[in-house]
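Structure file query01.txt; described as compact mmCIF, C-alpha atoms.
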```txt
# COMPACT_ATOMS: atom_id res chain seq x y z
CA MET A 1 74.93 3.96 24.33
CA LYS A 2 74.26 4.54 20.67
CA THR A 3 72.44 1.20 20.40
CA LYS A 4 70.26 2.03 23.37
CA LYS A 5 69.44 5.41 21.87
CA TYR A 6 68.33 3.76 18.62
CA LYS A 7 66.12 1.32 20.55
CA ASN A 8 64.41 4.14 22.40
CA GLN A 9 63.74 5.95 19.15
CA LEU A 10 62.32 2.75 17.68
CA TYR A 11 59.97 2.27 20.65
CA ILE A 12 58.81 5.88 20.36
CA SER A 13 58.16 5.47 16.61
CA VAL A 14 56.20 2.24 17.09
CA SER A 15 54.14 3.74 19.91
CA PHE A 16 53.36 6.81 17.80
CA CYS A 17 52.22 4.61 14.90
CA LEU A 18 49.97 2.58 17.19
CA LEU A 19 48.44 5.80 18.53
CA LEU A 20 47.77 7.03 15.00
CA SER A 21 46.13 3.70 14.14
CA LEU A 22 43.77 3.93 17.08
CA VAL A 23 42.83 7.48 16.15
CA ALA A 24 42.26 6.48 12.54
CA CYS A 25 40.03 3.56 13.57
CA LYS A 26 37.75 5.77 15.59
CA GLN A 27 34.32 6.15 13.88
CA ARG A 28 33.68 9.60 12.45
CA ASP A 29 30.89 11.68 13.93
CA ASP A 30 29.24 12.06 10.55
CA TYR A 31 29.37 8.34 9.71
CA PRO A 32 25.88 7.20 8.63
CA VAL A 33 23.95 5.01 11.03
CA PHE A 34 22.19 2.07 9.37
CA GLU A 35 19.03 0.98 11.15
CA GLN A 36 18.92 -2.68 12.05
CA LYS A 37 15.99 -4.31 10.27
CA GLU A 38 13.40 -5.80 12.54
CA PRO A 39 12.61 -9.47 11.85
CA VAL A 40 9.38 -9.99 9.89
CA VAL A 41 6.76 -11.49 12.15
CA THR A 42 3.76 -13.16 10.52
CA VAL A 43 0.64 -12.46 12.53
CA PRO A 44 -1.80 -15.38 12.35
CA GLU A 45 -5.26 -14.54 11.05
CA VAL A 46 -7.81 -14.36 13.83
CA ILE A 47 -11.28 -15.54 12.84
CA PRO A 48 -13.96 -14.30 15.25
CA PRO A 49 -16.14 -17.03 16.75
CA ASP A 50 -19.47 -17.59 15.03
CA ASN A 51 -22.19 -19.46 16.87
CA GLU A 52 -24.84 -19.10 14.18
CA ILE A 53 -24.75 -21.57 11.31
CA GLY A 54 -26.65 -20.60 8.16
CA PRO A 55 -29.03 -22.97 6.33
CA LEU A 56 -26.67 -23.83 3.45
CA VAL A 57 -23.78 -24.59 5.79
CA LYS A 58 -26.06 -26.67 8.00
CA LYS A 59 -26.94 -28.81 4.98
CA ILE A 60 -23.24 -29.36 4.24
CA MET A 61 -22.52 -30.26 7.85
CA ASP A 62 -25.52 -32.58 8.18
CA LYS A 63 -24.94 -34.48 4.93
CA THR A 64 -21.14 -34.58 4.49
CA ASP A 65 -17.85 -34.84 6.37
CA ILE A 66 -16.43 -31.84 4.53
CA ILE A 67 -16.53 -29.46 7.51
CA SER A 68 -14.57 -30.66 10.53
CA ILE A 69 -14.57 -27.36 12.42
CA PHE A 70 -16.99 -24.57 11.51
CA LYS A 71 -15.45 -21.11 11.73
CA LEU A 72 -17.98 -18.65 10.32
CA ASP A 73 -20.40 -17.93 7.52
CA SER A 74 -22.03 -14.78 6.24
CA THR A 75 -24.86 -14.38 3.76
CA THR A 76 -25.38 -11.29 1.63
CA THR A 77 -28.49 -10.66 -0.46
CA LEU A 78 -27.16 -9.20 -3.70
CA THR A 79 -30.66 -8.70 -5.06
CA ASP A 80 -34.03 -10.36 -4.53
CA GLY A 81 -33.34 -13.86 -5.87
CA ILE A 82 -29.52 -13.94 -5.63
CA LYS A 83 -27.68 -14.59 -2.36
CA ARG A 84 -23.98 -15.07 -1.68
CA THR A 85 -22.73 -17.06 1.31
CA HIS A 86 -19.08 -17.02 2.41
CA VAL A 87 -18.01 -20.00 4.52
CA ARG A 88 -14.79 -20.42 6.53
CA TYR A 89 -14.02 -23.79 8.06
CA VAL A 90 -11.40 -26.44 8.77
CA ASN A 91 -11.59 -29.59 6.67
CA LYS A 92 -11.21 -33.22 7.78
CA LEU A 93 -7.42 -32.99 7.31
CA ASN A 94 -7.24 -30.02 9.70
CA GLN A 95 -6.63 -27.54 6.87
CA ALA A 96 -8.05 -24.02 6.47
CA MET A 97 -10.79 -23.59 3.86
CA SER A 98 -12.79 -20.76 2.29
CA MET A 99 -15.82 -21.19 0.05
CA GLN A 100 -18.22 -18.84 -1.75
CA ILE A 101 -21.73 -20.06 -2.65
CA LEU A 102 -24.16 -18.24 -4.94
CA GLU A 103 -27.79 -19.31 -4.60
CA VAL A 104 -29.84 -18.13 -7.61
CA ASP A 105 -33.64 -18.38 -7.58
CA LEU A 106 -34.54 -19.03 -11.22
CA SER A 107 -38.27 -19.08 -10.43
CA LYS A 108 -38.16 -15.29 -10.28
CA THR A 109 -38.93 -13.98 -13.76
CA ASN A 110 -36.57 -11.01 -13.37
CA ILE A 111 -33.52 -13.22 -12.71
CA GLY A 112 -31.63 -14.53 -15.73
CA VAL A 113 -28.44 -16.40 -16.66
CA THR A 114 -26.23 -15.49 -19.61
CA ALA A 115 -22.90 -16.40 -21.17
CA LEU A 116 -20.17 -13.77 -20.96
CA SER A 117 -17.50 -13.28 -23.62
CA PRO A 118 -14.25 -11.29 -23.40
CA PHE A 119 -14.79 -7.69 -24.51
CA ASP A 120 -18.41 -8.59 -25.38
CA ASP A 121 -17.05 -9.89 -28.68
CA TYR A 122 -17.34 -13.01 -30.83
CA LEU A 123 -13.59 -13.49 -31.23
CA PHE A 124 -11.62 -15.94 -29.12
CA THR A 125 -9.44 -14.20 -26.55
CA VAL A 126 -9.19 -13.95 -22.75
CA GLN A 127 -10.02 -11.34 -20.12
CA THR A 128 -10.26 -11.08 -16.34
CA LEU A 129 -13.77 -11.79 -15.09
CA GLY A 130 -14.39 -8.37 -13.53
CA ASP A 131 -13.52 -6.62 -16.78
CA MET A 132 -15.55 -9.15 -18.76
CA ALA A 133 -18.65 -8.33 -16.70
CA LYS A 134 -18.03 -4.63 -17.30
CA TYR A 135 -17.82 -5.06 -21.07
CA ASN A 136 -20.87 -7.37 -21.25
CA GLU A 137 -23.12 -5.19 -19.08
CA GLY A 138 -24.51 -3.13 -21.95
CA ARG A 139 -26.06 -6.07 -23.82
CA ALA A 140 -26.75 -8.47 -20.95
CA GLY A 141 -30.45 -7.60 -20.82
CA GLY A 142 -30.15 -6.10 -17.35
CA LYS A 143 -27.69 -5.61 -14.51
CA ILE A 144 -25.00 -8.25 -14.10
CA ILE A 145 -25.25 -8.87 -10.36
CA ALA A 146 -22.60 -11.57 -10.10
CA ALA A 147 -20.52 -13.86 -12.31
CA ILE A 148 -18.24 -16.89 -12.21
CA ASN A 149 -15.47 -18.00 -14.54
CA GLY A 150 -16.31 -20.33 -17.40
CA ASP A 151 -14.51 -22.99 -19.41
CA VAL A 152 -10.87 -24.09 -19.44
CA VAL A 153 -8.74 -21.99 -21.82
CA THR A 154 -6.98 -23.64 -24.75
CA SER A 155 -4.97 -21.27 -26.98
CA SER A 156 -7.07 -18.27 -25.84
CA ALA A 157 -10.31 -20.10 -26.67
CA PRO A 158 -12.78 -22.10 -24.60
CA THR A 159 -11.96 -25.81 -24.69
CA GLY A 160 -15.56 -26.93 -25.02
CA SER A 161 -18.53 -25.64 -26.96
CA PHE A 162 -19.58 -22.01 -26.60
CA ILE A 163 -22.72 -20.17 -27.66
CA PHE A 164 -22.82 -16.42 -27.07
CA ARG A 165 -25.88 -14.27 -27.78
CA SER A 166 -27.40 -17.13 -29.84
CA ARG A 167 -24.30 -17.34 -32.04
CA GLN A 168 -22.70 -20.81 -32.13
CA LEU A 169 -19.01 -19.90 -31.83
CA LYS A 170 -17.84 -23.45 -31.07
CA THR A 171 -19.79 -26.72 -31.04
CA THR A 172 -17.06 -29.37 -30.90
CA THR A 173 -18.31 -31.01 -27.69
CA THR A 174 -21.99 -31.24 -28.52
CA THR A 175 -21.74 -33.74 -31.36
CA ALA A 176 -22.80 -37.37 -31.04
CA THR A 177 -19.19 -38.57 -30.74
CA SER A 178 -17.96 -36.04 -28.16
CA ASN A 179 -20.92 -35.12 -25.97
CA THR A 180 -19.50 -36.30 -22.65
CA ARG A 181 -18.30 -32.81 -21.72
CA PRO A 182 -20.77 -30.96 -19.43
CA PHE A 183 -22.25 -27.58 -20.23
CA LEU A 184 -24.72 -25.05 -18.85
CA GLY A 185 -27.28 -24.09 -21.45
CA VAL A 186 -29.76 -21.22 -21.50
CA LYS A 187 -32.63 -21.50 -23.95
CA LYS A 188 -34.01 -18.49 -25.78
CA ASP A 189 -37.04 -18.60 -23.47
CA GLY A 190 -34.69 -18.14 -20.48
CA SER A 191 -34.92 -21.68 -19.08
CA VAL A 192 -31.66 -23.18 -17.82
CA PHE A 193 -30.41 -26.77 -18.01
CA ILE A 194 -27.22 -28.84 -17.76
CA GLY A 195 -26.50 -30.82 -20.90
CA ASN A 196 -24.49 -33.78 -22.20
CA LYS A 197 -23.58 -36.91 -20.22
CA PRO A 198 -20.64 -38.22 -18.19
CA SER A 199 -19.99 -41.33 -20.30
CA ALA A 200 -20.82 -42.72 -23.71
CA SER A 201 -23.06 -45.35 -22.11
CA SER A 202 -25.14 -42.84 -20.11
CA SER A 203 -28.57 -41.76 -21.26
CA MET A 204 -28.94 -38.12 -22.26
CA ASP A 205 -31.78 -35.66 -22.56
CA ALA A 206 -32.16 -34.34 -26.10
CA TYR A 207 -31.55 -30.69 -26.91
CA ASN A 208 -31.38 -28.48 -29.98
CA LEU A 209 -28.51 -26.02 -30.30
CA ASN A 210 -30.70 -23.70 -32.32
CA ASP A 211 -32.92 -23.23 -29.25
CA LEU A 212 -30.04 -21.88 -27.15
CA ALA A 213 -29.12 -18.28 -26.44
CA SER A 214 -26.12 -19.25 -24.26
CA LEU A 215 -23.93 -22.28 -23.70
CA VAL A 216 -20.82 -22.43 -21.50
CA SER A 217 -18.92 -25.70 -21.19
CA GLY A 218 -17.10 -27.13 -18.21
CA SER A 219 -14.41 -29.70 -17.60
CA THR A 220 -15.42 -32.34 -15.04
CA TRP A 221 -18.72 -33.90 -14.04
CA LEU A 222 -19.54 -33.96 -10.32
CA LEU A 223 -23.19 -35.09 -10.31
CA TYR A 224 -25.39 -36.53 -13.04
CA LYS A 225 -29.11 -37.05 -12.46
CA GLY A 226 -28.49 -37.26 -8.72
CA ALA A 227 -25.61 -39.76 -8.87
CA PHE A 228 -22.02 -38.97 -7.96
CA VAL A 229 -19.55 -39.06 -10.83
CA THR A 230 -16.39 -40.34 -9.15
CA SER A 231 -13.13 -38.81 -10.34
CA SER A 232 -9.76 -40.51 -10.60
CA VAL A 233 -8.10 -37.11 -10.08
CA ALA A 234 -7.33 -36.37 -6.42
CA THR A 235 -5.71 -32.95 -6.96
CA VAL A 236 -6.45 -30.43 -4.21
CA GLN A 237 -6.86 -26.97 -5.73
CA ALA A 238 -9.16 -24.00 -6.16
CA ASN A 239 -12.27 -25.03 -8.11
CA THR A 240 -15.41 -23.45 -9.56
CA ALA A 241 -18.61 -25.50 -9.91
CA VAL A 242 -22.16 -24.89 -11.06
CA GLY A 243 -25.24 -27.03 -10.47
CA LEU A 244 -29.03 -27.17 -10.76
CA ASN A 245 -31.63 -28.72 -8.52
CA GLY A 246 -34.12 -31.29 -9.80
CA ASP A 247 -36.81 -28.75 -10.65
CA LYS A 248 -34.28 -26.51 -12.38
CA ASN A 249 -35.53 -23.52 -10.42
CA TYR A 250 -32.41 -23.10 -8.24
CA LEU A 251 -28.88 -22.71 -9.51
CA TYR A 252 -25.85 -23.05 -7.24
CA ALA A 253 -22.45 -21.60 -8.16
CA VAL A 254 -19.58 -22.47 -5.83
CA VAL A 255 -16.01 -21.16 -5.79
CA VAL A 256 -13.57 -22.82 -3.39
CA ASP A 257 -10.28 -21.01 -2.86
CA GLY A 258 -7.01 -22.92 -2.95
CA GLY A 259 -3.26 -22.71 -3.03
CA THR A 260 -2.77 -21.02 0.37
CA ASN A 261 -2.26 -23.15 3.47
CA ALA A 262 -3.05 -20.31 5.85
CA PHE A 263 -6.31 -19.31 4.12
CA SER A 264 -7.64 -22.13 1.94
CA VAL A 265 -5.84 -25.17 0.56
CA GLY A 266 -8.42 -26.17 -2.05
CA ILE A 267 -10.74 -29.12 -2.64
CA THR A 268 -10.88 -32.33 -4.68
CA TYR A 269 -13.55 -32.99 -7.30
CA ASP A 270 -15.15 -35.73 -5.22
CA ASP A 271 -15.45 -33.54 -2.12
CA LEU A 272 -16.81 -30.69 -4.21
CA GLY A 273 -19.40 -33.10 -5.58
CA LYS A 274 -20.47 -33.83 -2.00
CA VAL A 275 -20.87 -30.11 -1.36
CA MET A 276 -23.00 -29.61 -4.47
CA ASN A 277 -25.19 -32.58 -3.62
CA SER A 278 -25.71 -31.49 -0.02
CA ILE A 279 -26.89 -27.97 -0.90
CA GLY A 280 -29.44 -29.30 -3.39
CA ALA A 281 -27.88 -29.85 -6.82
CA LEU A 282 -29.02 -32.81 -8.93
CA ASP A 283 -26.62 -32.14 -11.82
CA ALA A 284 -23.31 -30.34 -11.32
CA PHE A 285 -19.90 -29.91 -12.92
CA VAL A 286 -16.62 -28.02 -12.58
CA THR A 287 -16.13 -25.19 -15.05
CA ASN A 288 -12.42 -24.63 -14.37
CA GLY A 289 -10.01 -24.54 -11.44
CA GLY A 290 -6.70 -23.20 -10.19
CA SER A 291 -5.92 -19.54 -10.86
CA ALA A 292 -9.04 -19.21 -13.04
CA SER A 293 -11.46 -19.80 -10.15
CA VAL A 294 -13.09 -16.41 -9.61
CA MET A 295 -16.40 -15.00 -8.40
CA VAL A 296 -17.28 -11.32 -8.78
CA GLN A 297 -20.21 -9.23 -7.59
CA ARG A 298 -21.55 -5.88 -8.70
CA ILE A 299 -20.54 -2.78 -6.74
CA GLU A 300 -22.65 0.20 -7.81
CA ASN A 301 -20.49 2.85 -6.16
CA ASP A 302 -16.92 1.80 -5.50
CA GLY A 303 -15.53 3.61 -2.46
CA GLN A 304 -12.24 4.38 -4.22
CA THR A 305 -13.34 5.35 -7.71
CA GLY A 306 -17.03 6.09 -7.21
CA VAL A 307 -17.91 4.19 -10.38
CA LEU A 308 -19.58 0.90 -11.23
CA SER A 309 -17.28 -2.09 -10.84
CA TRP A 310 -17.29 -5.84 -10.26
CA LYS A 311 -15.40 -6.84 -7.15
CA VAL A 312 -13.61 -10.17 -6.77
CA VAL A 313 -15.17 -11.66 -3.63
CA ASN A 314 -13.01 -14.77 -3.27
CA ARG A 315 -9.22 -14.88 -2.93
CA PRO A 316 -7.73 -16.20 -6.20
CA VAL A 317 -4.20 -17.53 -6.30
CA VAL A 318 -3.25 -14.58 -8.53
CA ALA A 319 -4.48 -11.00 -8.17
CA MET A 320 -7.90 -10.47 -9.80
CA GLY A 321 -7.84 -14.11 -10.91
CA GLY A 322 -6.46 -15.59 -14.08
CA SER A 323 -7.97 -14.54 -17.39
CA SER A 324 -10.88 -16.59 -18.74
CA ALA A 325 -12.14 -17.42 -22.21
CA ASN A 326 -15.75 -16.95 -21.08
CA GLY A 327 -17.95 -16.67 -18.00
CA ILE A 328 -21.44 -17.16 -16.61
CA GLY A 329 -23.32 -14.04 -15.53
CA PHE A 330 -26.37 -13.74 -13.29
CA VAL A 331 -28.59 -10.90 -14.35
CA LEU A 332 -31.30 -8.75 -12.80
CA LYS A 333 -33.57 -7.91 -15.75
```
Kindly return the structure encoded in the file as structure tokens.
Amino acid sequence: MKTKKYKNQLYISVSFCLLLSLVACKQRDDYPVFEQKEPVVTVPEVIPPDNEIGPLVKKIMDKTDIISIFKLDSTTTLTDGIKRTHVRYVNKLNQAMSMQILEVDLSKTNIGVTALSPFDDYLFTVQTLGDMAKYNEGRAGGKIIAAINGDVVTSSAPTGSFIFRSRQLKTTTTTATSNTRPFLGVKKDGSVFIGNKPSASSSMDAYNLNDLASLVSGSTWLLYKGAFVTSSVATVQANTAVGLNGDKNYLYAVVVDGGTNAFSVGITYDDLGKVMNSIGALDAFVTNGGSASVMVQRIENDGQTGVLSWKVVNRPVVAMGGSSANGIGFVLK
């Protein structure tokens, strides 16, 4: 009997403990509720259909295989003599592309081209292009309507030659032994030309550095006297190019975005050369590429700050674009 009594007490004790465990496991009323995070859904960009193809894009489509599927283009007149065209398309490899084209009418006497320097100074350093335009505005001889990035940066200095406000800051690539690096030159009378040559065996038009008010170098030839300069580099990336037509009265500045599969993958030098040739350039070269490829345009009254600013109109691989050692500005005198 005593053994049975002990067993009953043991059963009661175990049952009581189990009941306490269940009560203890019950969630408190004041226990915080953590919201379950919704999965991130990437919404694909929708590009509205565009049935009207502008004249510059038509030239590219008629003369090259660059554009496989046309998406849209839009042209904005920044001032009389300077137009900007934005092109969206799919390339021949079925990849998304975005391109900005500046068309500058140099025959208009109130349109000029000038070199830009960081902080409007003669010292070698770097600065984002929008800020560079802001600093250079006061001595540019007019309103800086738009600008593109300049030369490749080496130790905070332009890699090639650089003349700023008639001062020869660097002339290492305009000597007889190293004049195969392209540059855009602006003479003191305002006339614009592309100088140097793609190879030591090429012929070259003579020039005098003392005649120049501005000189901004580039990195890679695309076109020379109407002929394609084939590149051994097949890298697909963002690139900035500048070119002149045969009469030197039209300048074309092109920025192709890169580095983003969904928006724009980039372009090779050879394909960019085809673009420059198709829109009318006789001579053309790449200034710089990658994160440095930037185009800005003047905004007189920014909606957020209400002050003068220079807006980045392309989509660089880093915010505001990488810093540059110099730039090329297009001025309304």
Could you give me the centre and size, in Å to one decimal, of an axis-aligned box around all listed atoms of segment 170-175 of chain A with 8 Å added on every side, as AutoDock Vina command-line options?
```
--center_x -19.5 --center_y -28.6 --center_z -29.5 --size_x 20.9 --size_y 26.3 --size_z 19.7
```
Residues near Gln237 of chain A, cut-off 12 Å, only C-alpha atoms, skip fewer than 3 positions along chain, as a compact mmCIF listing (two decimals) with C-alpha atoms, keeping the file's coordinate frame:
```
# COMPACT_ATOMS: atom_id res chain seq x y z
CA MET A 97 -10.79 -23.59 3.86
CA SER A 98 -12.79 -20.76 2.29
CA VAL A 233 -8.10 -37.11 -10.08
CA ALA A 234 -7.33 -36.37 -6.42
CA THR A 240 -15.41 -23.45 -9.56
CA VAL A 255 -16.01 -21.16 -5.79
CA VAL A 256 -13.57 -22.82 -3.39
CA ASP A 257 -10.28 -21.01 -2.86
CA GLY A 258 -7.01 -22.92 -2.95
CA GLY A 259 -3.26 -22.71 -3.03
CA THR A 260 -2.77 -21.02 0.37
CA ASN A 261 -2.26 -23.15 3.47
CA SER A 264 -7.64 -22.13 1.94
CA VAL A 265 -5.84 -25.17 0.56
CA GLY A 266 -8.42 -26.17 -2.05
CA ILE A 267 -10.74 -29.12 -2.64
CA THR A 268 -10.88 -32.33 -4.68
CA TYR A 269 -13.55 -32.99 -7.30
CA ASP A 271 -15.45 -33.54 -2.12
CA LEU A 272 -16.81 -30.69 -4.21
CA VAL A 286 -16.62 -28.02 -12.58
CA ASN A 288 -12.42 -24.63 -14.37
CA GLY A 289 -10.01 -24.54 -11.44
CA GLY A 290 -6.70 -23.20 -10.19
CA SER A 291 -5.92 -19.54 -10.86
CA ALA A 292 -9.04 -19.21 -13.04
CA SER A 293 -11.46 -19.80 -10.15
CA PRO A 316 -7.73 -16.20 -6.20
CA VAL A 317 -4.20 -17.53 -6.30
```
I want to know what sits within 10 Å of Gln168 of chain A, based on only C-alpha atoms, with residues of the same chain fewer than 5 positions away left out; could you give that as a PyMOL selection string?
chain A and resi 122+161-163+209-210+212-215
Rank A:Asn110, A:Ala262, A:Asn249, A:Asn196 by their smallest atom-to-atom distance to Lys143 of chain A, using all atoms listed in the file, and report the top residue only.
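With all atoms listed in the file as the atom set, the closest residue is A:Asn110.
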Length of the atom CA of Val153 of chain A to atom CA of Ala115 of chain A vector [Å]
15.2 Å
Between A:Leu282, A:Met61, A:Val126, A:Ile67, which one has atoms that come closest to Leu222 of chain A, using all atoms listed in the file?
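With all atoms listed in the file as the atom set, the closest residue is A:Leu282.
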List every protein, DNA or RNA residue with an atom no more than 9 Å from (-11.4, -36.6, -15.8) in the file's coordinates, counting all atoms listed in the file, and format the result as a PyMOL selection string.
chain A and resi 219-221+231-233
So which residues touch Ser74 of chain A within 9 Å, counting all atoms listed in the file, skipping near sequence neighbours fewer than 5 positions away, as a PyMOL selection string?
chain A and resi 53-54+84-87
Restricting the calculation to all atoms listed in the file: of A:Ala133, A:Val192, A:Ala206, A:Ile145, which residue gets closest to Thr174 of chain A?
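Looking at the shortest contact to Thr174 of chain A, the residue is A:Ala206.
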Find the spatial neighbours of Gly246 of chain A, counting only C-alpha atoms, within a cut-off of 10 Å - ignore same-chain residues fewer than 4 positions away - and output them as a list in words.
Lys225, Gly226, Tyr250, Gly280, Ala281, Leu282 and Asp283 of chain A
Top pick for closest residue to Val242 of chain A, considering A:Ile60, A:Leu223, A:Gly142, A:Thr109 and counting all atoms listed in the file
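So, comparing all the options, the nearest one is A:Leu223.
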With distances taken over all atoms listed in the file, which of A:Lys333, A:Lys248, A:Lys134, A:Arg315 is nearest to Ser107 of chain A?
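Between A:Lys333, A:Lys248, A:Lys134, A:Arg315, the residue approaching Ser107 of chain A most closely is A:Lys248.
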Sel. within 9 Å of pt (-15.7, -17.8, -24.8), counting all atoms listed in the file, output as a list in words:
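Neighbouring residues, ordered by chain and number, come to Ala115, Leu116, Ser117, Pro118, Asp121, Tyr122, Leu123, Phe124, Thr125, Val126, Gly150, Asp151, Val153, Ser156, Ala157, Pro158, Thr159, Ser161, Phe162, Ile163, Phe164, Leu169, Lys170, Val216, Ser324, Ala325, Asn326 and Gly327 of chain A.
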Record the distance separating atom CA of Lys274 of chain A and atom CA of Arg298 of chain A, expressed in Å with one decimal.
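Between these atoms lies a distance of 28.8 Å.
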Give me, as a list in words, all polymer residues having an atom no more than 7 Å from Tyr252 of chain A, counting only C-alpha atoms and skipping those fewer than 4 positions away in the same chain.
Ile101, Leu102, Glu103, Val104, Val242, Gly243 and Leu244 of chain A
